[in-house]
$ cat protein_0.csv   # CSV, C-alpha atoms (C1' of nucleotides)
chain,number,residue,atom,x,y,z
A,1,MET,CA,0.0,0.0,0.0
A,2,GLY,CA,2.6,2.5,1.0
A,3,SER,CA,2.4,5.9,2.8
A,4,ARG,CA,0.7,9.0,1.4
A,5,LEU,CA,1.6,12.5,2.6
A,6,THR,CA,0.0,15.8,1.8
A,7,ILE,CA,2.4,18.7,1.7
A,8,ARG,CA,1.2,22.3,2.0
A,9,PRO,CA,3.8,24.3,0.0
A,10,PRO,CA,4.3,28.1,0.0
A,11,THR,CA,1.3,30.0,-1.5
A,12,ASP,CA,3.2,30.7,-4.8
A,13,TYR,CA,4.6,27.2,-5.2
A,14,VAL,CA,4.4,25.5,-8.6
A,15,LEU,CA,5.9,22.1,-8.7
A,16,ALA,CA,6.8,21.9,-12.4
A,17,ARG,CA,8.4,25.3,-12.4
A,18,ASP,CA,10.2,25.0,-9.1
A,19,VAL,CA,11.5,21.5,-9.6
A,20,CYS,CA,12.7,22.2,-13.1
A,21,SER,CA,14.8,25.2,-12.0
A,22,TYR,CA,18.3,23.9,-11.6
A,23,GLY,CA,20.3,21.2,-13.5
A,24,TYR,CA,20.3,18.8,-10.6
A,25,PHE,CA,16.7,17.8,-11.3
A,26,LEU,CA,18.2,16.0,-14.3
A,27,LEU,CA,20.8,14.0,-12.3
A,28,GLU,CA,20.2,10.6,-10.9
A,29,PRO,CA,18.4,9.5,-8.9
A,30,ASN,CA,16.1,12.4,-9.6
A,31,GLU,CA,13.4,11.9,-12.3
A,32,TRP,CA,11.0,14.5,-13.7
A,33,ASN,CA,8.3,13.0,-15.9
A,34,PRO,CA,7.2,15.8,-18.4
A,35,GLU,CA,4.1,14.0,-19.5
A,36,ALA,CA,2.8,13.1,-16.0
A,37,ARG,CA,4.3,16.3,-14.5
A,38,ARG,CA,5.5,14.2,-11.6
A,39,PHE,CA,8.7,14.1,-9.7
A,40,SER,CA,10.2,10.9,-8.4
A,41,ARG,CA,13.3,9.5,-6.9
A,42,VAL,CA,14.6,6.9,-4.4
A,43,LEU,CA,15.2,8.2,-0.9
A,44,SER,CA,17.2,6.5,1.7
A,45,VAL,CA,15.0,6.2,4.8
A,46,ASP,CA,16.6,4.4,7.8
A,47,ARG,CA,19.2,3.1,5.4
A,48,SER,CA,16.6,1.4,3.2
A,49,PRO,CA,15.4,2.7,-0.2
A,50,VAL,CA,12.0,4.2,-0.6
A,51,LEU,CA,10.6,5.2,-4.0
A,52,LEU,CA,9.0,8.7,-3.6
A,53,THR,CA,6.7,10.3,-6.1
A,54,ILE,CA,5.4,13.9,-5.8
A,55,ASP,CA,2.8,15.6,-7.9
A,56,GLN,CA,0.5,18.7,-7.6
A,57,PRO,CA,-3.0,17.7,-8.7
A,58,SER,CA,-4.4,21.2,-8.9
A,59,GLU,CA,-1.4,22.7,-10.7
A,60,SER,CA,-2.4,26.1,-9.4
A,61,PRO,CA,0.2,28.1,-7.3
A,62,GLY,CA,0.3,26.9,-3.8
A,63,GLY,CA,-1.8,23.8,-4.6
A,64,ALA,CA,-1.3,20.9,-2.2
A,65,LEU,CA,1.5,18.5,-3.1
A,66,ARG,CA,0.7,14.8,-3.0
A,67,ALA,CA,3.7,12.6,-2.0
A,68,ARG,CA,3.5,8.8,-2.2
A,69,CYS,CA,6.0,6.3,-0.8
A,70,ASP,CA,6.2,2.7,-2.1
A,71,ARG,CA,6.2,1.2,1.4
A,72,THR,CA,4.5,2.0,4.7
A,73,LEU,CA,6.5,4.3,6.9
A,74,THR,CA,6.4,4.9,10.6
A,75,ARG,CA,5.5,8.4,11.8
A,76,ALA,CA,9.1,9.2,12.5
A,77,GLN,CA,10.1,8.0,9.0
A,78,GLN,CA,7.3,10.2,7.5
A,79,GLY,CA,8.9,13.1,9.3
A,80,ASP,CA,12.2,12.3,7.7
A,81,VAL,CA,10.6,12.2,4.2
A,82,ARG,CA,8.8,15.5,4.8
A,83,ARG,CA,12.2,17.1,5.8
A,84,ALA,CA,13.8,15.6,2.7
A,85,ILE,CA,11.0,17.0,0.5
A,86,ALA,CA,11.2,20.4,2.1
A,87,ARG,CA,14.9,20.6,1.4
A,88,MET,CA,14.7,19.4,-2.2
A,89,LEU,CA,11.7,21.6,-3.2
A,90,HIS,CA,13.0,24.5,-1.1
A,91,LEU,CA,9.7,25.0,0.7
A,92,ASP,CA,11.1,27.3,3.5
A,93,GLY,CA,13.9,29.7,4.3
A,94,ALA,CA,15.1,31.2,1.0
A,95,GLY,CA,12.3,29.3,-0.7
A,96,SER,CA,9.5,30.7,1.4
A,97,ALA,CA,6.9,32.9,-0.4
A,98,GLU,CA,8.1,35.9,1.5
A,99,ALA,CA,11.8,35.4,0.5
A,100,VAL,CA,10.8,34.8,-3.1
A,101,ALA,CA,8.7,38.0,-3.1
A,102,GLU,CA,11.7,39.9,-1.7
A,103,PHE,CA,13.8,38.7,-4.6
A,104,HIS,CA,11.1,39.9,-7.0
A,105,ARG,CA,11.1,43.3,-5.4
A,106,VAL,CA,14.9,43.5,-6.1
A,107,ASP,CA,14.7,42.0,-9.5
A,108,PRO,CA,11.1,42.4,-11.0
A,109,ARG,CA,12.0,40.7,-14.2
A,110,PHE,CA,11.1,37.4,-12.7
A,111,ALA,CA,7.9,38.4,-10.9
A,112,GLU,CA,5.6,37.4,-13.7
A,113,SER,CA,7.1,33.9,-14.2
A,114,GLY,CA,7.4,33.5,-10.5
A,115,ARG,CA,10.9,32.1,-10.8
A,116,GLY,CA,12.9,32.4,-7.6
A,117,ARG,CA,13.2,29.0,-6.1
A,118,LEU,CA,16.0,26.5,-6.9
A,119,PHE,CA,15.8,22.8,-6.8
A,120,ARG,CA,18.4,20.9,-4.7
A,121,SER,CA,19.1,17.6,-3.1
A,122,PRO,CA,17.5,16.0,0.0
A,123,THR,CA,20.9,16.3,1.7
A,124,PHE,CA,23.8,18.8,1.6
A,125,PHE,CA,26.2,15.9,1.1
A,126,GLU,CA,24.4,14.9,-2.1
A,127,ASP,CA,24.6,18.5,-3.3
A,128,LEU,CA,28.3,18.5,-2.5
A,129,VAL,CA,29.0,15.3,-4.5
A,130,LYS,CA,26.9,16.6,-7.4
A,131,THR,CA,28.9,19.9,-7.4
A,132,VAL,CA,32.3,18.2,-7.2
A,133,THR,CA,31.2,15.9,-10.1
A,134,SER,CA,30.3,18.9,-12.1
A,135,CYS,CA,33.7,20.5,-11.9
A,136,ASN,CA,36.1,20.2,-14.8
A,137,VAL,CA,33.8,18.2,-17.0
A,138,ALA,CA,31.1,18.7,-19.6
A,139,TRP,CA,27.5,18.2,-18.4
A,140,PRO,CA,27.1,14.7,-20.0
A,141,SER,CA,30.1,13.5,-17.8
A,142,THR,CA,28.4,14.8,-14.7
A,143,ILE,CA,25.2,12.9,-15.7
A,144,ASN,CA,27.3,9.7,-16.1
A,145,MET,CA,29.1,10.0,-12.8
A,146,ASN,CA,25.9,10.5,-10.9
A,147,ARG,CA,24.2,7.7,-12.7
A,148,ARG,CA,27.0,5.3,-12.0
A,149,LEU,CA,27.3,6.3,-8.3
A,150,CYS,CA,23.6,5.3,-8.0
A,151,GLU,CA,24.1,2.1,-10.0
A,152,VAL,CA,27.2,0.9,-8.3
A,153,ILE,CA,26.8,2.0,-4.7
A,154,GLU,CA,23.2,2.9,-3.7
A,155,PRO,CA,20.1,3.6,-5.9
A,156,GLY,CA,18.9,6.4,-3.6
A,157,PHE,CA,22.3,8.1,-3.9
A,158,PRO,CA,25.3,7.0,-1.9
A,159,ARG,CA,25.2,7.9,1.8
A,160,PRO,CA,28.5,9.2,3.3
A,161,ALA,CA,29.2,6.0,5.2
A,162,GLN,CA,28.8,3.9,2.1
A,163,LEU,CA,31.1,6.2,0.1
A,164,ALA,CA,33.7,6.4,2.9
A,165,ARG,CA,34.0,2.6,2.8
A,166,ARG,CA,34.8,2.4,-0.9
A,167,ARG,CA,38.3,2.3,-2.4
A,168,PRO,CA,39.1,5.3,-4.6
A,169,GLY,CA,40.1,2.9,-7.3
A,170,THR,CA,36.6,1.4,-7.3
A,171,LEU,CA,35.0,4.8,-7.8
A,172,ARG,CA,37.5,5.6,-10.5
A,173,ALA,CA,37.0,2.4,-12.4
A,174,ARG,CA,33.3,1.7,-12.0
A,175,CYS,CA,31.9,5.2,-11.5
A,176,ARG,CA,34.3,6.9,-13.9
A,177,VAL,CA,34.9,9.8,-11.5
A,178,GLY,CA,38.6,10.1,-12.5
A,179,TYR,CA,40.9,12.0,-10.2
A,180,ARG,CA,37.9,13.0,-8.0
A,181,ASP,CA,38.0,9.5,-6.5
A,182,VAL,CA,40.2,10.3,-3.4
A,183,ARG,CA,38.5,13.6,-2.8
A,184,LEU,CA,35.0,12.0,-2.8
A,185,VAL,CA,36.1,9.4,-0.3
A,186,GLU,CA,37.7,12.1,1.9
A,187,LEU,CA,34.5,14.2,1.8
A,188,ALA,CA,32.5,11.1,2.8
A,189,LYS,CA,34.8,10.5,5.7
A,190,LEU,CA,34.5,14.1,6.8
A,191,ALA,CA,30.7,13.8,6.7
A,192,GLY,CA,31.0,11.1,9.3
A,193,ARG,CA,32.9,13.3,11.7
A,194,ARG,CA,31.0,15.4,14.3
A,195,ASP,CA,33.7,18.1,14.2
A,196,SER,CA,33.3,18.6,10.4
A,197,VAL,CA,31.0,21.1,8.8
A,198,LEU,CA,29.8,18.2,6.6
A,199,HIS,CA,28.3,16.3,9.5
A,200,PRO,CA,24.5,16.5,9.1
A,201,SER,CA,24.2,18.0,12.6
A,202,ASN,CA,26.2,21.0,11.4
A,203,GLU,CA,23.9,22.0,8.5
A,204,ALA,CA,22.1,24.3,10.8
A,205,TRP,CA,25.4,26.2,11.2
A,206,LEU,CA,25.8,26.5,7.5
A,207,THR,CA,22.4,28.0,7.0
A,208,ALA,CA,22.1,30.0,10.2
A,209,THR,CA,21.4,33.7,9.6
A,210,ASP,CA,23.7,34.8,12.3
A,211,VAL,CA,26.7,33.0,10.7
A,212,SER,CA,28.3,35.3,8.0
A,213,ASP,CA,28.7,34.3,4.4
A,214,ASP,CA,32.4,34.8,4.7
A,215,ASP,CA,32.7,32.2,7.5
A,216,VAL,CA,30.6,29.7,5.6
A,217,LEU,CA,32.5,30.3,2.4
A,218,ALA,CA,35.9,29.9,4.2
A,219,ALA,CA,34.7,26.6,5.6
A,220,LEU,CA,33.6,25.3,2.2
A,221,LEU,CA,36.8,26.4,0.5
A,222,ALA,CA,38.8,24.3,3.1
A,223,LEU,CA,37.1,21.1,1.8
A,224,PRO,CA,39.0,18.8,-0.6
A,225,GLY,CA,37.9,19.3,-4.2
A,226,VAL,CA,36.1,22.6,-3.5
A,227,GLY,CA,37.6,25.7,-5.1
A,228,PRO,CA,36.0,29.1,-5.8
A,229,TYR,CA,33.4,27.9,-8.3
A,230,ALA,CA,32.3,24.9,-6.2
A,231,ALA,CA,32.2,26.9,-3.0
A,232,ALA,CA,30.0,29.6,-4.5
A,233,ASN,CA,27.7,27.0,-6.0
A,234,LEU,CA,27.4,25.3,-2.6
A,235,MET,CA,26.6,28.7,-1.1
A,236,GLN,CA,23.5,29.0,-3.3
A,237,LEU,CA,22.5,25.5,-2.5
A,238,LEU,CA,22.5,26.6,1.1
A,239,GLY,CA,20.2,29.5,0.2
A,240,ARG,CA,23.0,32.1,0.3
A,241,TYR,CA,22.8,34.0,-3.0
A,242,ALA,CA,25.3,36.8,-2.7
A,243,HIS,CA,28.1,34.9,-4.5
A,244,LEU,CA,28.5,33.9,-8.2
A,245,PRO,CA,29.9,30.5,-9.2
A,246,VAL,CA,31.8,31.7,-12.2
A,247,ASP,CA,32.6,29.0,-14.8
A,248,THR,CA,32.8,28.7,-18.5
A,249,GLU,CA,29.0,28.9,-18.8
A,250,THR,CA,29.2,32.3,-17.1
A,251,HIS,CA,31.7,33.4,-19.6
A,252,ARG,CA,29.6,32.3,-22.5
A,253,HIS,CA,26.6,34.1,-20.9
A,254,ALA,CA,28.7,37.2,-20.5
A,255,ARG,CA,29.6,37.2,-24.2
A,256,ALA,CA,26.3,35.9,-25.8
A,257,VAL,CA,23.7,37.6,-23.6
A,258,LEU,CA,25.4,40.5,-21.8
A,259,GLY,CA,27.5,41.5,-24.8
A,260,TYR,CA,30.9,41.6,-23.0
A,261,GLU,CA,34.2,40.9,-24.7
A,262,GLY,CA,37.7,40.0,-23.5
A,263,ASP,CA,39.5,37.1,-21.8
A,264,ALA,CA,38.2,35.0,-19.0
A,265,LYS,CA,39.7,37.3,-16.3
A,266,ARG,CA,38.1,40.4,-17.7
A,267,LEU,CA,34.8,38.6,-18.2
A,268,THR,CA,34.8,37.5,-14.6
A,269,ARG,CA,35.3,41.0,-13.4
A,270,LEU,CA,32.6,42.4,-15.7
A,271,VAL,CA,30.1,39.8,-14.6
A,272,HIS,CA,30.8,40.5,-10.9
A,273,ASP,CA,30.3,44.2,-11.6
A,274,HIS,CA,27.1,43.5,-13.6
A,275,TYR,CA,25.3,41.7,-10.8
A,276,GLU,CA,26.6,43.9,-8.0
A,277,SER,CA,23.4,45.9,-7.7
A,278,PHE,CA,21.3,42.7,-7.0
A,279,GLY,CA,23.1,42.4,-3.6
A,280,ALA,CA,22.1,39.4,-1.6
A,281,HIS,CA,20.1,38.1,-4.6
A,282,ARG,CA,23.0,38.2,-7.2
A,283,PHE,CA,22.9,34.5,-7.9
A,284,ARG,CA,19.2,34.3,-8.5
A,285,SER,CA,19.3,37.2,-10.9
A,286,TYR,CA,22.2,35.6,-12.7
A,287,TRP,CA,20.9,32.1,-12.7
A,288,PHE,CA,17.3,32.8,-13.9
A,289,GLU,CA,18.8,34.9,-16.8
A,290,LEU,CA,21.0,31.9,-17.7
A,291,TRP,CA,18.0,29.5,-17.3
A,292,ALA,CA,15.9,31.7,-19.5
A,293,PHE,CA,18.6,31.5,-22.2
A,294,TYR,CA,18.5,27.7,-22.1
A,295,GLU,CA,14.8,27.7,-22.2
A,296,SER,CA,14.8,30.1,-25.2
A,297,LYS,CA,16.9,27.5,-27.0
A,298,ARG,CA,15.4,24.3,-25.8
A,299,GLY,CA,11.8,25.1,-24.6
A,300,PRO,CA,10.5,25.1,-21.1
A,301,ALA,CA,12.6,23.0,-18.7
A,302,GLU,CA,9.6,21.1,-17.5
A,303,THR,CA,9.3,19.6,-21.0
A,304,TRP,CA,12.9,18.5,-21.2
A,305,GLU,CA,13.4,14.7,-21.6
A,306,LYS,CA,16.2,13.7,-19.2
A,307,ARG,CA,18.1,11.6,-21.8
A,308,THR,CA,17.8,14.0,-24.8
A,309,THR,CA,17.3,17.7,-24.1
A,310,GLY,CA,18.3,17.3,-20.5
A,311,ALA,CA,21.7,16.0,-21.5
A,312,SER,CA,22.4,18.7,-24.1
A,313,PHE,CA,21.2,22.1,-22.9
A,314,THR,CA,24.5,23.6,-21.7
A,315,ALA,CA,26.7,26.1,-23.5
A,316,SER,CA,29.2,23.5,-24.8
A,317,ALA,CA,26.3,21.8,-26.6
A,318,LEU,CA,24.8,25.1,-27.8
A,319,ARG,CA,28.0,26.4,-29.4
B,1,DG,C1',49.7,37.2,-5.2
B,2,DG,C1',50.0,35.3,-9.7
B,3,DT,C1',50.7,31.6,-13.1
B,4,DA,C1',51.9,27.2,-15.3
B,5,DG,C1',51.0,22.5,-15.6
B,6,DA,C1',49.0,18.1,-14.1
B,7,DC,C1',44.9,15.7,-13.1
B,8,DC,C1',40.9,12.4,-15.9
B,9,DT,C1',37.0,11.6,-19.0
B,10,DG,C1',34.5,11.7,-23.1
B,11,DG,C1',33.4,13.9,-27.3
B,12,DA,C1',35.1,15.8,-31.8
B,13,DC,C1',38.0,15.3,-35.4
B,14,DG,C1',41.2,13.5,-38.9
B,15,DC,C1',43.1,9.6,-41.0
C,1,DG,C1',38.3,1.8,-35.8
C,2,DC,C1',42.1,4.1,-34.0
C,3,DG,C1',44.9,8.0,-32.4
C,4,DT,C1',45.1,12.8,-31.1
C,5,DC,C1',43.4,17.0,-29.4
C,6,DC,C1',40.6,19.7,-26.4
C,7,DA,C1',37.4,21.4,-22.7
C,8,DG,C1',36.4,21.7,-18.0
C,9,DG,C1',37.7,23.5,-12.2
C,10,DT,C1',41.0,22.4,-8.6
C,11,DC,C1',45.5,21.8,-6.7
C,12,DT,C1',50.4,22.2,-6.2
C,13,DA,C1',54.8,24.0,-7.2
C,14,DC,C1',57.2,27.7,-8.4
C,15,DC,C1',58.4,32.6,-9.3
$ encode --input "protein_0.csv" --output "structure tokens"
Amino acid sequence: MGSRLTIRPPTDYVLARDVCSYGYFLLEPNEWNPEARRFSRVLSVDRSPVLLTIDQPSESPGGALRARCDRTLTRAQQGDVRRAIARMLHLDGAGSAEAVAEFHRVDPRFAESGRGRLFRSPTFFEDLVKTVTSCNVAWPSTINMNRRLCEVIEPGFPRPAQLARRRPGTLRARCRVGYRDVRLVELAKLAGRRDSVLHPSNEAWLTATDVSDDDVLAALLALPGVGPYAAANLMQLLGRYAHLPVDTETHRHARAVLGYEGDAKRLTRLVHDHYESFGAHRFRSYWFELWAFYESKRGPAETWEKRTTGASFTASALR
DNA sequence: GGTAGACCTGGACGC
DNA sequence: GCGTCCAGGTCTACC
């Protein structure tokens, strides 16, 4: 039979728009079904896999979300699933209706579409692995690495303890993560240590409003495999939007959309200057501009098929 | 503080 | 079908 949950999202929440808002919705184990307009993935609940599906029957903003699990869960387990859903769909904090409205006051260009919420993973650790596997590779390689991690280690995405036990050589040979192998195992080991920022009990510190961006950024930069791009991207995944993860996509955007010219160093400086006026919302203004460009080329993200459009929407494929 | 080169994979290209 | 080249962000060594 399985468990069924009803989720009351923020009043402006639209499942199709707000799930299909960041590339990670296309990475395993996530699955968006464009026809059924339904999100699904395997979650790890008490170390056992649970297939979760979420839809929004009314499709109107703020309409109740219907979540179904393929097995019956205890009340405590249902609480875990609710927390995982809230994190993925960004139902509170920077994803609250008030926070999104504040973004629209600063950047009214996205008020009509309602864009402002970014999809993410059920755990910060999964976001971290997805970010590290997106560095120094084209998007199709990121897709492959995440697919293989789910095939080889754990269908609901490897938990830190599982990854920490693996030999780097196994990750390299079977998951094709290349030189990232040692770094991923180190990150997984850190996630098991209570004194590390990666320990789940410390996510509250990473997102606390009384902890400065500078302190969080410094803690992220100290992690193996995390440089300026990855750290800035992790900041946005924590709901801290004042930093820009500048990569080659950013440089393409600077040339093609913003009309800037010059080498990478100059483009980086111009991009930072360009988004300066958006203050604490810089990333959202940048990202939804970039996302609108992809959608202008490939159609609405909610129509993208994971294995076709979803694998070829980035700049390298659009050149 | 700035820069060059190595790291690894997969796709594009030429033969 | 095979070999070569290149793109991509992080890290280390060196100036």
$ closest_atom_pairs --input "protein_0.csv" --of "chain C" --to "chain A" --cutoff "9 Å" --atoms "all atoms listed in the file" --output "Markdown table"
| residue | atom | partner | partner_atom | distance |
| --- | --- | --- | --- | --- |
| C:DA7 | C1' | A:Val137 | CA | 7.5 |
| C:DG8 | C1' | A:Asn136 | CA | 3.5 |
| C:DG9 | C1' | A:Asn136 | CA | 4.5 |
| C:DT10 | C1' | A:Gly227 | CA | 5.9 |
| C:DC11 | C1' | A:Gly225 | CA | 8.4 |
$ write_last_selection --input "protein_0.csv" --atoms "C-alpha atoms (C1' of nucleotides)" --output "PDB file, in the frame of the given file"
ATOM      1  C1'  DA C   7      37.400  21.400 -22.700  1.00  0.00           C
ATOM      2  C1'  DG C   8      36.400  21.700 -18.000  1.00  0.00           C
ATOM      3  C1'  DG C   9      37.700  23.500 -12.200  1.00  0.00           C
ATOM      4  C1'  DT C  10      41.000  22.400  -8.600  1.00  0.00           C
ATOM      5  C1'  DC C  11      45.500  21.800  -6.700  1.00  0.00           C
TER       6       DC C  11
END
$ closest_atom_pairs --input "protein_0.csv" --of "chain A" --to "chain B" --cutoff "8 Å" --atoms "all atoms listed in the file" --output "JSON lines"
{"residue": "A:Val137", "atom": "CA", "partner": "B:DT9", "partner_atom": "C1'", "distance": 7.6}
{"residue": "A:Ser141", "atom": "CA", "partner": "B:DG10", "partner_atom": "C1'", "distance": 7.1}
{"residue": "A:Arg176", "atom": "CA", "partner": "B:DT9", "partner_atom": "C1'", "distance": 7.4}
{"residue": "A:Val177", "atom": "CA", "partner": "B:DC8", "partner_atom": "C1'", "distance": 7.9}
{"residue": "A:Gly178", "atom": "CA", "partner": "B:DC8", "partner_atom": "C1'", "distance": 4.7}
{"residue": "A:Tyr179", "atom": "CA", "partner": "B:DC8", "partner_atom": "C1'", "distance": 5.7}
$ residues_around --input "protein_0.csv" --residues "Pro34 of chain A" --least-positions-apart "6" --cutoff "7 Å" --atoms "only C-alpha atoms (C1' of nucleotides)" --output "JSON list (two decimals) with C-alpha atoms, keeping the file's coordinate frame"
[["chain", "number", "residue", "atom", "x", "y", "z"],
["A", 302, "GLU", "CA", 9.60, 21.10, -17.50],
["A", 303, "THR", "CA", 9.30, 19.60, -21.00],
["A", 304, "TRP", "CA", 12.90, 18.50, -21.20]]
$ residues_near_point --input "protein_0.csv" --point "(-0.1, 14.1, -17.2)" --cutoff "12 Å" --atoms "all atoms listed in the file" --output "PDB file with C-alpha atoms, in the frame of the given file"
ATOM      1  CA  ALA A  16       6.800  21.900 -12.400  1.00  0.00           C
ATOM      2  CA  TRP A  32      11.000  14.500 -13.700  1.00  0.00           C
ATOM      3  CA  ASN A  33       8.300  13.000 -15.900  1.00  0.00           C
ATOM      4  CA  PRO A  34       7.200  15.800 -18.400  1.00  0.00           C
ATOM      5  CA  GLU A  35       4.100  14.000 -19.500  1.00  0.00           C
ATOM      6  CA  ALA A  36       2.800  13.100 -16.000  1.00  0.00           C
ATOM      7  CA  ARG A  37       4.300  16.300 -14.500  1.00  0.00           C
ATOM      8  CA  ARG A  38       5.500  14.200 -11.600  1.00  0.00           C
ATOM      9  CA  PHE A  39       8.700  14.100  -9.700  1.00  0.00           C
ATOM     10  CA  ASP A  55       2.800  15.600  -7.900  1.00  0.00           C
ATOM     11  CA  GLN A  56       0.500  18.700  -7.600  1.00  0.00           C
ATOM     12  CA  PRO A  57      -3.000  17.700  -8.700  1.00  0.00           C
ATOM     13  CA  SER A  58      -4.400  21.200  -8.900  1.00  0.00           C
ATOM     14  CA  GLU A  59      -1.400  22.700 -10.700  1.00  0.00           C
ATOM     15  CA  GLU A 302       9.600  21.100 -17.500  1.00  0.00           C
ATOM     16  CA  THR A 303       9.300  19.600 -21.000  1.00  0.00           C
TER      17      THR A 303
END
$ atom_distance --input "protein_0.csv" --atom1 "atom CA of Leu238 of chain A" --atom2 "atom CA of Arg120 of chain A"
9.1 Å
$ atom_distance --input "protein_0.csv" --atom1 "atom CA of Gln162 of chain A" --atom2 "atom CA of Arg240 of chain A"
28.8 Å
$ atom_distance --input "protein_0.csv" --atom1 "atom CA of Pro160 of chain A" --atom2 "atom CA of Leu223 of chain A"
14.8 Å
$ residues_around --input "protein_0.csv" --residues "Asn146 of chain A" --least-positions-apart "5" --cutoff "9 Å" --atoms "all atoms listed in the file" --output "list in words"
Leu27, Glu28, Pro29, Val129, Lys130, Thr133, Ser141, Glu151, Phe157 and Cys175 of chain A
$ axis_aligned_box --input "protein_0.csv" --around "segment 208-221 of chain A" --padding-each-side "8 Å" --output "JSON"
{"center_x": 29.1, "center_y": 30.3, "center_z": 6.4, "size_x": 31.4, "size_y": 26.0, "size_z": 27.8}
$ residues_near_point --input "protein_0.csv" --point "(9.1, 3.5, 3.3)" --cutoff "10 Å" --atoms "only C-alpha atoms (C1' of nucleotides)" --output "list of chain:residue names"
A:Gly2, A:Ser3, A:Leu43, A:Ser44, A:Val45, A:Asp46, A:Ser48, A:Pro49, A:Val50, A:Leu51, A:Leu52, A:Arg68, A:Cys69, A:Asp70, A:Arg71, A:Thr72, A:Leu73, A:Thr74, A:Gln77, A:Gln78, A:Val81
$ closest_residue --input "protein_0.csv" --among "A:Pro108, A:Pro122, A:Gly156, A:Gly114" --to "Arg83 of chain A" --atoms "only C-alpha atoms"
A:Pro122
$ residues_around --input "protein_0.csv" --residues "Tyr260 of chain A" --least-positions-apart "2" --cutoff "12 Å" --atoms "only C-alpha atoms (C1' of nucleotides)" --output "PDB file with C-alpha atoms, in the coordinates of the input"
ATOM      1  CA  THR A 250      29.200  32.300 -17.100  1.00  0.00           C
ATOM      2  CA  HIS A 251      31.700  33.400 -19.600  1.00  0.00           C
ATOM      3  CA  ARG A 252      29.600  32.300 -22.500  1.00  0.00           C
ATOM      4  CA  HIS A 253      26.600  34.100 -20.900  1.00  0.00           C
ATOM      5  CA  ALA A 254      28.700  37.200 -20.500  1.00  0.00           C
ATOM      6  CA  ARG A 255      29.600  37.200 -24.200  1.00  0.00           C
ATOM      7  CA  ALA A 256      26.300  35.900 -25.800  1.00  0.00           C
ATOM      8  CA  VAL A 257      23.700  37.600 -23.600  1.00  0.00           C
ATOM      9  CA  LEU A 258      25.400  40.500 -21.800  1.00  0.00           C
ATOM     10  CA  GLY A 262      37.700  40.000 -23.500  1.00  0.00           C
ATOM     11  CA  ASP A 263      39.500  37.100 -21.800  1.00  0.00           C
ATOM     12  CA  ALA A 264      38.200  35.000 -19.000  1.00  0.00           C
ATOM     13  CA  LYS A 265      39.700  37.300 -16.300  1.00  0.00           C
ATOM     14  CA  ARG A 266      38.100  40.400 -17.700  1.00  0.00           C
ATOM     15  CA  LEU A 267      34.800  38.600 -18.200  1.00  0.00           C
ATOM     16  CA  THR A 268      34.800  37.500 -14.600  1.00  0.00           C
ATOM     17  CA  ARG A 269      35.300  41.000 -13.400  1.00  0.00           C
ATOM     18  CA  LEU A 270      32.600  42.400 -15.700  1.00  0.00           C
ATOM     19  CA  VAL A 271      30.100  39.800 -14.600  1.00  0.00           C
ATOM     20  CA  ASP A 273      30.300  44.200 -11.600  1.00  0.00           C
ATOM     21  CA  HIS A 274      27.100  43.500 -13.600  1.00  0.00           C
TER      22      HIS A 274
END
